[in-house]
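Asks: coords19.csv (CSV, C-alpha atoms and all ligand atoms) pasted underneath:
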```csv
chain,number,residue,atom,x,y,z
A,1013,MET,CA,158.6,113.2,202.7
A,1014,ASP,CA,162.0,113.2,204.4
A,1015,ILE,CA,164.0,110.5,202.6
A,1016,PRO,CA,166.8,108.9,204.7
A,1017,SER,CA,170.1,110.7,203.7
A,1018,GLU,CA,172.0,107.5,203.2
A,1019,LEU,CA,169.4,106.4,200.6
A,1020,ILE,CA,169.8,109.8,198.8
A,1021,GLN,CA,173.6,109.4,198.8
A,1022,LEU,CA,173.3,105.9,197.4
A,1023,LEU,CA,171.0,107.0,194.6
A,1024,ARG,CA,173.5,109.7,193.7
A,1025,LYS,CA,176.1,107.0,193.0
A,1026,LYS,CA,173.8,105.9,190.1
A,1027,PRO,CA,173.5,102.2,191.1
A,1028,ARG,CA,172.2,99.6,188.6
A,1029,THR,CA,168.5,99.9,189.4
A,1030,ALA,CA,165.5,97.7,188.8
A,1031,VAL,CA,161.9,98.9,189.6
A,1032,LEU,CA,158.8,96.8,190.1
A,1033,THR,CA,155.4,98.6,190.0
A,1034,GLY,CA,151.9,97.4,190.8
A,1035,ALA,CA,148.4,98.8,190.7
A,1036,GLY,CA,149.2,101.3,193.5
A,1037,ILE,CA,151.3,103.5,191.3
A,1038,SER,CA,148.2,104.1,189.1
A,1039,ALA,CA,145.8,104.7,192.1
A,1040,GLU,CA,146.5,108.5,192.0
A,1041,SER,CA,145.6,108.4,188.3
A,1042,GLY,CA,142.1,107.3,189.4
A,1043,ILE,CA,142.5,103.7,188.4
A,1044,PRO,CA,141.2,101.3,191.1
A,1045,THR,CA,143.7,98.8,192.5
A,1046,PHE,CA,142.7,95.1,192.7
A,1047,ARG,CA,142.5,94.8,196.5
A,1048,GLU,CA,140.3,97.8,197.0
A,1049,ALA,CA,136.6,96.9,196.4
A,1050,GLN,CA,136.0,97.2,192.7
A,1051,THR,CA,134.0,100.5,192.2
A,1052,GLY,CA,130.6,100.8,190.8
A,1053,LEU,CA,129.5,98.1,188.3
A,1054,TRP,CA,132.0,95.6,189.4
A,1055,ALA,CA,131.5,95.7,193.2
A,1056,ARG,CA,130.2,92.1,193.2
A,1057,TYR,CA,133.1,90.4,191.4
A,1058,GLN,CA,136.6,89.5,192.6
A,1059,PRO,CA,139.3,90.3,190.0
A,1060,GLU,CA,140.5,86.7,190.4
A,1061,ASP,CA,137.0,85.6,189.2
A,1062,LEU,CA,137.2,87.7,186.1
A,1063,ALA,CA,140.9,87.5,185.2
A,1064,THR,CA,141.1,83.7,184.5
A,1065,PRO,CA,140.7,81.6,181.3
A,1066,ALA,CA,137.8,79.7,183.1
A,1067,ALA,CA,135.9,83.0,183.6
A,1068,PHE,CA,136.3,83.9,180.0
A,1069,GLU,CA,135.2,80.4,178.9
A,1070,ARG,CA,132.2,80.7,181.2
A,1071,SER,CA,131.2,84.3,180.5
A,1072,PRO,CA,133.1,85.7,177.6
A,1073,ARG,CA,130.8,88.8,177.3
A,1074,LEU,CA,131.1,89.7,181.0
A,1075,VAL,CA,134.9,89.4,181.0
A,1076,TRP,CA,135.2,91.3,177.7
A,1077,GLU,CA,133.0,94.1,179.1
A,1078,TRP,CA,135.1,94.3,182.3
A,1079,TYR,CA,138.2,94.9,180.2
A,1080,ALA,CA,136.3,97.3,177.9
A,1081,TRP,CA,135.3,99.3,181.1
A,1082,ARG,CA,138.9,99.3,182.3
A,1083,ARG,CA,140.2,100.4,178.8
A,1084,GLU,CA,137.7,103.3,179.0
A,1085,LEU,CA,138.9,104.2,182.5
A,1086,VAL,CA,142.6,104.2,181.3
A,1087,ALA,CA,141.8,106.2,178.2
A,1088,LYS,CA,140.4,109.0,180.4
A,1089,ALA,CA,143.2,108.7,182.9
A,1090,SER,CA,146.6,110.4,182.8
A,1091,PRO,CA,150.0,109.4,184.3
A,1092,ASN,CA,150.6,110.9,187.7
A,1093,ALA,CA,153.6,112.5,189.4
A,1094,GLY,CA,154.8,109.0,190.3
A,1095,HIS,CA,154.9,107.8,186.7
A,1096,TYR,CA,156.7,111.0,185.7
A,1097,ALA,CA,159.2,110.7,188.5
A,1098,LEU,CA,160.2,107.2,187.3
A,1099,ALA,CA,160.7,108.5,183.8
A,1100,ALA,CA,162.9,111.3,185.2
A,1101,LEU,CA,164.8,108.7,187.3
A,1102,GLU,CA,165.5,106.6,184.2
A,1103,SER,CA,167.0,109.6,182.5
A,1104,ARG,CA,169.4,110.2,185.5
A,1105,LEU,CA,170.6,106.6,185.8
A,1106,ASP,CA,172.9,104.6,183.4
A,1107,GLU,CA,171.5,101.1,184.1
A,1108,TYR,CA,167.8,101.0,184.8
A,1109,CYS,CA,164.9,98.6,184.1
A,1110,LEU,CA,161.2,99.2,184.9
A,1111,ILE,CA,159.2,96.0,185.4
A,1112,THR,CA,155.4,96.5,185.7
A,1113,GLN,CA,152.5,94.2,186.6
A,1114,ASN,CA,150.2,96.9,185.4
A,1115,VAL,CA,148.4,96.6,182.0
A,1116,ASP,CA,147.4,100.3,181.8
A,1117,GLY,CA,150.3,101.6,179.7
A,1118,LEU,CA,150.7,104.7,181.9
A,1119,HIS,CA,154.5,104.2,182.3
A,1120,ALA,CA,155.0,104.5,178.5
A,1121,ARG,CA,152.7,107.5,178.4
A,1122,ALA,CA,154.8,109.2,181.1
A,1123,GLY,CA,157.9,108.7,179.0
A,1124,SER,CA,159.5,105.6,180.5
A,1125,ARG,CA,161.5,104.0,177.7
A,1126,CYS,CA,162.4,100.5,179.0
A,1127,VAL,CA,159.2,99.0,180.3
A,1128,LEU,CA,158.8,95.2,180.8
A,1129,GLU,CA,155.0,94.4,180.9
A,1130,LEU,CA,154.9,91.2,182.8
A,1131,HIS,CA,151.1,90.9,182.6
A,1132,GLY,CA,150.4,92.2,179.1
A,1133,SER,CA,148.5,95.2,178.0
A,1134,LEU,CA,144.8,96.3,178.1
A,1135,GLN,CA,145.4,98.1,174.7
A,1136,ARG,CA,146.1,94.8,172.9
A,1137,VAL,CA,143.8,92.0,172.1
A,1138,LYS,CA,144.6,88.5,170.7
A,1139,CYS,CA,142.6,85.6,169.4
A,1140,SER,CA,141.6,83.1,172.1
A,1141,ARG,CA,142.4,80.2,169.7
A,1142,CYS,CA,144.9,81.0,166.9
A,1143,HIS,CA,146.7,83.7,169.0
A,1144,ALA,CA,146.8,86.1,166.1
A,1145,ALA,CA,147.6,89.3,168.0
A,1146,THR,CA,146.6,92.8,167.2
A,1147,ASP,CA,150.0,94.4,167.5
A,1148,GLY,CA,151.0,92.2,164.6
A,1149,GLU,CA,149.5,92.7,161.1
A,1150,ASP,CA,147.1,89.7,161.8
A,1151,ILE,CA,144.3,91.7,163.4
A,1152,PRO,CA,145.3,95.2,162.4
A,1153,ASP,CA,142.3,97.0,163.7
A,1154,TRP,CA,140.1,95.0,166.0
A,1155,GLN,CA,138.0,98.1,166.8
A,1156,THR,CA,136.8,98.2,163.2
A,1157,ILE,CA,135.8,94.5,163.5
A,1158,ALA,CA,134.0,95.3,166.8
A,1159,ALA,CA,132.2,98.4,165.2
A,1160,ALA,CA,131.2,96.4,162.2
A,1161,HIS,CA,129.6,93.7,164.4
A,1162,PRO,CA,128.4,95.5,167.6
A,1163,GLU,CA,126.2,92.6,168.3
A,1164,GLU,CA,129.1,90.2,168.6
A,1165,ILE,CA,130.7,90.7,172.1
A,1166,PRO,CA,133.6,89.6,172.2
A,1167,PRO,CA,134.3,90.4,168.6
A,1168,ARG,CA,135.5,87.5,166.4
A,1169,CYS,CA,138.9,86.7,165.0
A,1170,PRO,CA,139.0,87.5,161.3
A,1171,SER,CA,141.4,84.6,160.7
A,1172,CYS,CA,139.7,81.7,162.5
A,1173,GLY,CA,136.4,83.1,163.8
A,1174,ALA,CA,137.1,82.4,167.5
A,1175,ALA,CA,136.5,85.0,170.2
A,1176,LEU,CA,139.0,87.8,170.6
A,1177,ARG,CA,140.3,88.3,174.2
A,1178,PRO,CA,142.4,90.9,176.0
A,1179,ASP,CA,146.1,90.3,175.5
A,1180,VAL,CA,146.8,90.2,179.3
A,1181,VAL,CA,148.1,87.3,181.5
A,1182,TRP,CA,145.3,85.8,183.5
A,1183,PHE,CA,145.7,83.8,186.7
A,1184,GLY,CA,146.9,80.3,185.8
A,1185,GLU,CA,148.5,81.6,182.6
A,1186,SER,CA,152.3,81.8,182.2
A,1187,LEU,CA,154.0,85.2,181.8
A,1188,PRO,CA,155.6,86.3,178.5
A,1189,GLY,CA,158.9,84.5,178.5
A,1190,ALA,CA,161.2,87.2,177.2
A,1191,ALA,CA,159.8,89.9,179.6
A,1192,PHE,CA,160.0,87.6,182.6
A,1193,GLN,CA,163.5,86.4,181.7
A,1194,ALA,CA,164.7,90.1,181.5
A,1195,ALA,CA,162.9,90.9,184.7
A,1196,TRP,CA,164.5,88.0,186.5
A,1197,GLN,CA,167.9,89.0,185.2
A,1198,ALA,CA,167.4,92.6,186.3
A,1199,ALA,CA,166.5,91.4,189.8
A,1200,GLU,CA,169.6,89.2,190.0
A,1201,THR,CA,172.0,91.8,188.8
A,1202,CYS,CA,170.7,95.1,190.2
A,1203,GLN,CA,172.3,97.1,193.1
A,1204,MET,CA,169.1,98.8,194.0
A,1205,PHE,CA,165.5,97.5,193.7
A,1206,LEU,CA,162.4,99.7,194.2
A,1207,SER,CA,159.1,97.9,194.9
A,1208,ILE,CA,156.3,100.5,194.3
A,1209,GLY,CA,152.6,100.2,194.8
A,1210,THR,CA,152.3,96.4,194.9
A,1211,SER,CA,150.8,94.2,197.6
A,1212,ALA,CA,153.6,91.7,196.7
A,1213,LEU,CA,151.2,88.8,196.7
A,1214,VAL,CA,151.0,87.7,193.0
A,1215,GLN,CA,153.6,85.2,191.8
A,1216,PRO,CA,156.0,85.1,190.1
A,1217,ALA,CA,156.3,88.9,190.1
A,1218,ALA,CA,156.4,89.0,193.9
A,1219,SER,CA,159.6,86.9,193.9
A,1220,LEU,CA,161.6,89.6,192.1
A,1221,PRO,CA,162.3,91.8,195.2
A,1222,LEU,CA,163.2,88.7,197.1
A,1223,ILE,CA,165.8,87.7,194.5
A,1224,ALA,CA,167.2,91.2,194.7
A,1225,LEU,CA,167.4,91.0,198.5
A,1226,GLN,CA,169.1,87.6,198.3
A,1227,GLN,CA,171.8,88.8,196.0
A,1228,GLY,CA,172.6,91.8,198.2
A,1229,ALA,CA,170.8,94.6,196.5
A,1230,VAL,CA,169.3,97.5,198.6
A,1231,VAL,CA,165.6,97.1,198.4
A,1232,VAL,CA,163.2,100.1,198.9
A,1233,GLU,CA,159.5,99.7,199.2
A,1234,ILE,CA,157.1,102.6,198.5
A,1235,ASN,CA,153.6,101.9,199.7
A,1236,PRO,CA,151.2,103.7,202.1
A,1237,SER,CA,150.5,100.3,203.7
A,1238,ALA,CA,152.6,97.4,204.9
A,1239,THR,CA,152.9,94.3,202.8
A,1240,PRO,CA,154.5,90.9,203.3
A,1241,LEU,CA,157.7,92.4,201.9
A,1242,THR,CA,157.9,95.4,204.3
A,1243,PRO,CA,159.7,93.5,207.2
A,1244,GLN,CA,162.4,92.4,204.8
A,1245,VAL,CA,163.2,95.6,202.9
A,1246,THR,CA,166.2,97.9,203.5
A,1247,TYR,CA,164.1,101.0,203.4
A,1248,SER,CA,160.3,101.3,203.7
A,1249,LEU,CA,159.0,104.7,202.5
A,1250,MET,CA,155.3,104.7,203.8
A,1251,GLY,CA,153.4,107.0,201.6
A,1252,PRO,CA,151.6,107.4,198.2
A,1253,SER,CA,154.0,107.0,195.3
A,1254,GLY,CA,152.7,110.2,193.7
A,1255,ALA,CA,154.3,112.1,196.6
A,1256,VAL,CA,157.2,109.9,197.6
A,1257,LEU,CA,158.7,109.4,194.2
A,1258,PRO,CA,159.0,113.1,193.2
A,1259,ASP,CA,160.6,113.7,196.7
A,1260,LEU,CA,163.0,110.9,196.2
A,1261,VAL,CA,164.1,111.9,192.7
A,1262,ASN,CA,164.2,115.7,193.5
A,1263,GLN,CA,166.3,115.1,196.7
A,1264,ALA,CA,168.7,112.7,194.9
A,1265,PHE,CA,169.0,114.8,191.8
A,1266,PRO,CA,168.2,118.4,192.7
A,1267,ALA,CA,166.6,119.6,189.5
A,1268,VAL,CA,168.0,122.2,187.2
A,1269,ALA,CA,166.0,125.4,188.2
A,1270,GLY,CA,162.4,125.2,187.1
A,1271,THR,CA,162.3,121.6,186.0
A,1272,SER,CA,161.8,120.1,189.5
A,1273,LEU,CA,159.1,117.4,189.6
A,1274,GLN,CA,155.8,118.5,191.0
A,1275,ASN,CA,154.0,116.3,193.5
B,1,LIG,C1,151.3,81.6,187.0
B,1,LIG,C2,146.7,91.0,184.5
B,1,LIG,C3,151.8,79.4,186.4
B,1,LIG,C4,145.2,90.8,184.3
B,1,LIG,C5,147.3,89.9,186.6
B,1,LIG,C6,149.2,79.8,195.5
B,1,LIG,C7,150.4,80.3,196.0
B,1,LIG,C8,151.2,81.1,195.2
B,1,LIG,C9,150.9,81.4,193.9
B,1,LIG,C10,149.7,80.9,193.4
B,1,LIG,C11,148.9,80.1,194.2
B,1,LIG,N1,147.8,79.8,193.4
B,1,LIG,C12,147.9,80.3,192.2
B,1,LIG,C13,149.1,80.9,192.1
B,1,LIG,C14,149.7,81.6,191.0
B,1,LIG,C15,149.0,82.9,190.8
B,1,LIG,C16,149.1,83.8,192.0
B,1,LIG,O1,150.1,84.4,192.3
B,1,LIG,N2,147.9,83.9,192.7
B,1,LIG,C17,147.8,84.7,193.9
B,1,LIG,C18,146.4,85.3,193.9
B,1,LIG,C19,148.2,83.9,195.1
B,1,LIG,N3,149.8,83.5,189.7
B,1,LIG,C20,149.5,83.2,188.5
B,1,LIG,O2,148.5,82.6,188.1
B,1,LIG,C21,150.5,83.8,187.4
B,1,LIG,N4,150.8,82.7,186.5
B,1,LIG,O3,151.7,81.4,188.1
B,1,LIG,O4,151.4,80.7,186.0
B,1,LIG,C22,152.2,78.7,185.2
B,1,LIG,C23,153.5,78.4,185.1
B,1,LIG,C24,153.9,77.7,184.0
B,1,LIG,C25,153.0,77.4,183.0
B,1,LIG,C26,151.6,77.8,183.1
B,1,LIG,C27,151.2,78.5,184.2
B,1,LIG,C28,149.8,84.9,186.6
B,1,LIG,C29,149.6,86.1,187.5
B,1,LIG,C30,149.2,87.3,186.7
B,1,LIG,C31,147.7,87.5,186.9
B,1,LIG,N5,147.3,88.8,186.1
B,1,LIG,N6,147.0,91.1,185.9
B,1,LIG,C32,144.4,92.0,184.7
B,1,LIG,O5,145.0,93.0,185.1
B,1,LIG,O6,143.2,91.9,184.7
B,1,LIG,S1,147.5,90.1,188.3
B,1,LIG,C33,147.0,91.6,188.8
B,1,LIG,O7,146.9,91.4,190.2
B,1,LIG,C34,148.0,92.7,188.7
B,1,LIG,O8,148.7,92.6,187.4
B,1,LIG,C35,148.9,92.5,189.8
B,1,LIG,O9,150.0,91.6,189.5
B,1,LIG,C36,148.0,91.8,190.8
B,1,LIG,C37,147.6,92.8,191.8
B,1,LIG,O10,148.6,93.1,192.5
B,1,LIG,P1,149.1,94.6,192.7
B,1,LIG,O11,149.5,95.2,191.4
B,1,LIG,O12,150.0,94.6,193.8
B,1,LIG,O13,147.8,95.4,193.1
B,1,LIG,P2,147.0,95.3,194.5
B,1,LIG,O14,145.7,95.9,194.3
B,1,LIG,O15,147.1,93.8,195.0
B,1,LIG,O16,147.8,96.1,195.6
B,1,LIG,C38,147.9,97.5,195.3
B,1,LIG,C39,149.0,98.0,196.3
B,1,LIG,O17,149.1,99.4,196.1
B,1,LIG,C40,148.6,97.9,197.8
B,1,LIG,O18,149.7,97.3,198.5
B,1,LIG,C41,148.3,99.3,198.2
B,1,LIG,O19,148.6,99.5,199.6
B,1,LIG,C42,149.2,100.1,197.3
B,1,LIG,N7,148.7,101.5,197.1
B,1,LIG,C43,147.5,102.0,197.1
B,1,LIG,N8,147.5,103.3,196.8
B,1,LIG,C44,148.9,103.6,196.6
B,1,LIG,C45,149.6,102.4,196.7
B,1,LIG,N9,151.0,102.4,196.6
B,1,LIG,C46,151.6,103.6,196.3
B,1,LIG,N10,150.9,104.7,196.1
B,1,LIG,C47,149.6,104.8,196.2
B,1,LIG,N11,148.9,106.0,196.0
B,2,ZN,ZN,142.0,83.3,165.5
```
Step by step, read the file and then write its structure as structure tokens.
Replies:
Amino acid sequence: MDIPSELIQLLRKKPRTAVLTGAGISAESGIPTFREAQTGLWARYQPEDLATPAAFERSPRLVWEWYAWRRELVAKASPNAGHYALAALESRLDEYCLITQNVDGLHARAGSRCVLELHGSLQRVKCSRCHAATDGEDIPDWQTIAAAHPEEIPPRCPSCGAALRPDVVWFGESLPGAAFQAAWQAAETCQMFLSIGTSALVQPAASLPLIALQQGAVVVEINPSATPLTPQVTYSLMGPSGAVLPDLVNQAFPAVAGTSLQN
């Protein structure tokens, strides 16, 4: 894609940069986004009907299995050129912060170092009652618990016996304070903000690019379709992030021979 030359020049000046990604950046890794019809088994559910505390209350087994299906999908998926391009961009800039709404962990697997997970992670589970979390020592190995009691879905917390649940933020739940604080701060102080692969509909993440715009940052949207943000951004690069991001990074930082990012 031909990137506007003034945007390339700007990036070469190494601005303080914040990036917000959504499900779209993982689409080219084969992970369905939310607003496309859920493929296969889940065609008849809306994500908003599965990703809520009420849904888990009502049908814990169904919700647990939806996340188990997504965990499987992610385990078989690999980061795509868009994820790698963001990791390369981070290594070229001095002040950079990646904020993601995704729970698939692909940014870290692509080598991104500073990743703020606003909506948690598919790989972690926590107790629905005592909040013992698996990344602590409380529930060191929930897979062992699940394997020992395959009949119990969701598996039970070893501390209090309540159902374990995915450690993700559901609709109606508040975001992890520290991560959201840092993301808000990054939006308020950045000189450039990239909004990539997000429909810009879910709050409060969708407010971050608006904060950046209000404080005078250059805001770039990368998305094959228009979103409510498109009319307000400084640059709208209409295309798949797996192609646009490598072009953006390669044109701004022409690679040392042989290391250029492949689309
Ligand atoms: C909260 C984790 C309050 C779980 C997720 C009315 C008005 C405004 C707000 C609300 C309202 N009613 C309720 C709310 C609040 C609600 C909300 O925003 N609802 C929406 C539906 C209106 N928000 C919440 O509930 C949040 N919490 O507000 O708490 C509170 C405050 C204090 C104390 C207590 C409570 C929590 C929201 C987090 C929900 N959890 N995920 C899971 O993953 O299962 S949200 C989930 O959906 C994602 O994380 C993501 O955030 C969102 C989906 O958005 P996207 O990532 O953008 O994905 P989407 O499919 O929508 O779009 C994909 C895009 O990619 C498209 O634009 C497409 O064109 C593009 N694309 C496709 N291919 C490519 C591509 N782009 C680039 N390259 C490609 N190849
Ligand atoms: Zn517990």
Asks: From the list A:Val1261, A:Ala1063, A:Cys1169, A:Ala1100, which residue is nearest ligand ZN 2 (chain B) when using all atoms listed in the file?
Replies: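 Ranked by minimum distance to ligand ZN 2 (chain B), first place goes to A:Cys1169.
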Asks: Nearest to Phe1205 in chain A: which of A:Leu1019, A:Ala1175, A:Ala1030, A:Ala1158 is it, counting all atoms listed in the file?
Replies: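 Checking each candidate against Phe1205 in chain A, we get A:Ala1030 as the closest.
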Asks: Using CA of Ala1097 in chain A and atom C34 of ligand LIG 1 (chain B) as the two end points, give the distance in Å to one decimal.
Replies: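 Rounded to one decimal, the two atoms are 21.2 Å apart.
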Asks: Identify which of the residues A:Ala1191, A:Ile1223, A:Cys1139, A:Ile1208 lies closest to Gly1173 in chain A, counting all atoms listed in the file when measuring atom-to-atom distances.
Replies: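 Distance minimum relative to Gly1173 in chain A lands on A:Cys1139.
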Asks: Have a look at atom N4 of ligand LIG 1 (chain B) and CA of Cys1109 in chain A and let me know their distance in Å, one decimal.
Replies: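 According to the coordinates, atom N4 of ligand LIG 1 (chain B) and CA of Cys1109 in chain A are separated by 21.4 Å.
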Asks: Would you compute an axis-aligned box for range 1073-1090 of chain A, covering every atom listed for it in the file with 6 Å of margin on each side, and report centre and edge lengths in Å to one decimal as lines of an AutoDock Vina configuration file?
Replies:
```
center_x = 138.7
center_y = 99.6
center_z = 180.1
size_x = 27.8
size_y = 33.6
size_z = 17.6
```
Asks: Fewer than 5 positions away in the same chain doesn't count, so skip those; otherwise give me all residues within 10 Å of Glu1233 in chain A, counting only C-alpha atoms, as a PyMOL selection string.
Replies: chain A and resi 1031-1032+1205-1210+1221+1238-1239+1241-1242+1244-1251+1253
Asks: So which one's closest to ligand LIG 1 (chain B), A:Ser1103, A:Gln1135, A:Thr1156, A:Gln1227? Using all atoms listed in the file, please.
Replies: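 Checking each of A:Ser1103, A:Gln1135, A:Thr1156, A:Gln1227 against ligand LIG 1 (chain B), counting all atoms listed in the file, the winner is A:Gln1135.
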Asks: Which one is closest to ligand ZN 2 (chain B): A:Gln1058, A:Thr1064, A:Ser1171, A:Ser1038? Count only C-alpha atoms and all ligand atoms.
Replies: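 Among the listed residues, A:Ser1171 lies closest to ligand ZN 2 (chain B).
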Asks: With 10 Å as the threshold, what does the neighbourhood of (157.6, 109.0, 182.1) contain in terms of residues, counting only C-alpha atoms? Coordinates are those of the file; answer as a PyMOL selection string.
Replies: chain A and resi 1091-1103+1118-1125
Asks: Output C-alpha atoms of each residue in that selection to a file, as a PDB file, in the frame of the given file.
Replies:
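Result file part07.pdb:
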```pdb
ATOM      1  CA  PRO A1091     150.000 109.400 184.300  1.00  0.00           C
ATOM      2  CA  ASN A1092     150.600 110.900 187.700  1.00  0.00           C
ATOM      3  CA  ALA A1093     153.600 112.500 189.400  1.00  0.00           C
ATOM      4  CA  GLY A1094     154.800 109.000 190.300  1.00  0.00           C
ATOM      5  CA  HIS A1095     154.900 107.800 186.700  1.00  0.00           C
ATOM      6  CA  TYR A1096     156.700 111.000 185.700  1.00  0.00           C
ATOM      7  CA  ALA A1097     159.200 110.700 188.500  1.00  0.00           C
ATOM      8  CA  LEU A1098     160.200 107.200 187.300  1.00  0.00           C
ATOM      9  CA  ALA A1099     160.700 108.500 183.800  1.00  0.00           C
ATOM     10  CA  ALA A1100     162.900 111.300 185.200  1.00  0.00           C
ATOM     11  CA  LEU A1101     164.800 108.700 187.300  1.00  0.00           C
ATOM     12  CA  GLU A1102     165.500 106.600 184.200  1.00  0.00           C
ATOM     13  CA  SER A1103     167.000 109.600 182.500  1.00  0.00           C
ATOM     14  CA  LEU A1118     150.700 104.700 181.900  1.00  0.00           C
ATOM     15  CA  HIS A1119     154.500 104.200 182.300  1.00  0.00           C
ATOM     16  CA  ALA A1120     155.000 104.500 178.500  1.00  0.00           C
ATOM     17  CA  ARG A1121     152.700 107.500 178.400  1.00  0.00           C
ATOM     18  CA  ALA A1122     154.800 109.200 181.100  1.00  0.00           C
ATOM     19  CA  GLY A1123     157.900 108.700 179.000  1.00  0.00           C
ATOM     20  CA  SER A1124     159.500 105.600 180.500  1.00  0.00           C
ATOM     21  CA  ARG A1125     161.500 104.000 177.700  1.00  0.00           C
TER      22      ARG A1125
END
```
Asks: Excluding same-chain residues fewer than 3 positions from Leu1130 in chain A, what lies within 12 Å of it counting all atoms listed in the file, as an MDAnalysis selection string?
Replies: chainID A and resid 1032:1034 1110:1117 1127 1133 1179:1182 1185:1196 1214:1218 1220
Asks: Measure the distance from atom O5 of ligand LIG 1 (chain B) to CA of Leu1085 in chain A in Å and round it to one decimal.
Replies: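 According to the coordinates, atom O5 of ligand LIG 1 (chain B) and CA of Leu1085 in chain A are separated by 13.0 Å.
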Asks: If we count all atoms listed in the file and set the cut-off at 12 Å, which residues sit around range 1166-1168 of chain A, ignoring sequence neighbours fewer than 3 positions away in its own chain? Please answer as a PyMOL selection string.
Replies: chain A and resi 1068-1069+1071-1080+1137-1142+1144+1151+1153-1163+1171-1178
Asks: Restricting the calculation to only C-alpha atoms and all ligand atoms: of A:Thr1201, A:Arg1028, A:Ala1229, A:Pro1170, which residue gets closest to ligand ZN 2 (chain B)?
Replies: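 The closest residue to ligand ZN 2 (chain B) is A:Pro1170.
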Asks: So which residues touch range 1263-1267 of chain A within 10 Å, counting all atoms listed in the file, skipping near sequence neighbours fewer than 4 positions away, as a list in words?
Replies: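 After dropping sequence-adjacent residues, the list is Met1013, Asp1014, Ile1015, Ser1017, Leu1019, Ile1020, Gln1021, Leu1022, Leu1023, Arg1024, Lys1025, Lys1026, Ala1100, Leu1101, Arg1104, Leu1257, Pro1258, Asp1259, Thr1271, Ser1272 and Leu1273 of chain A.
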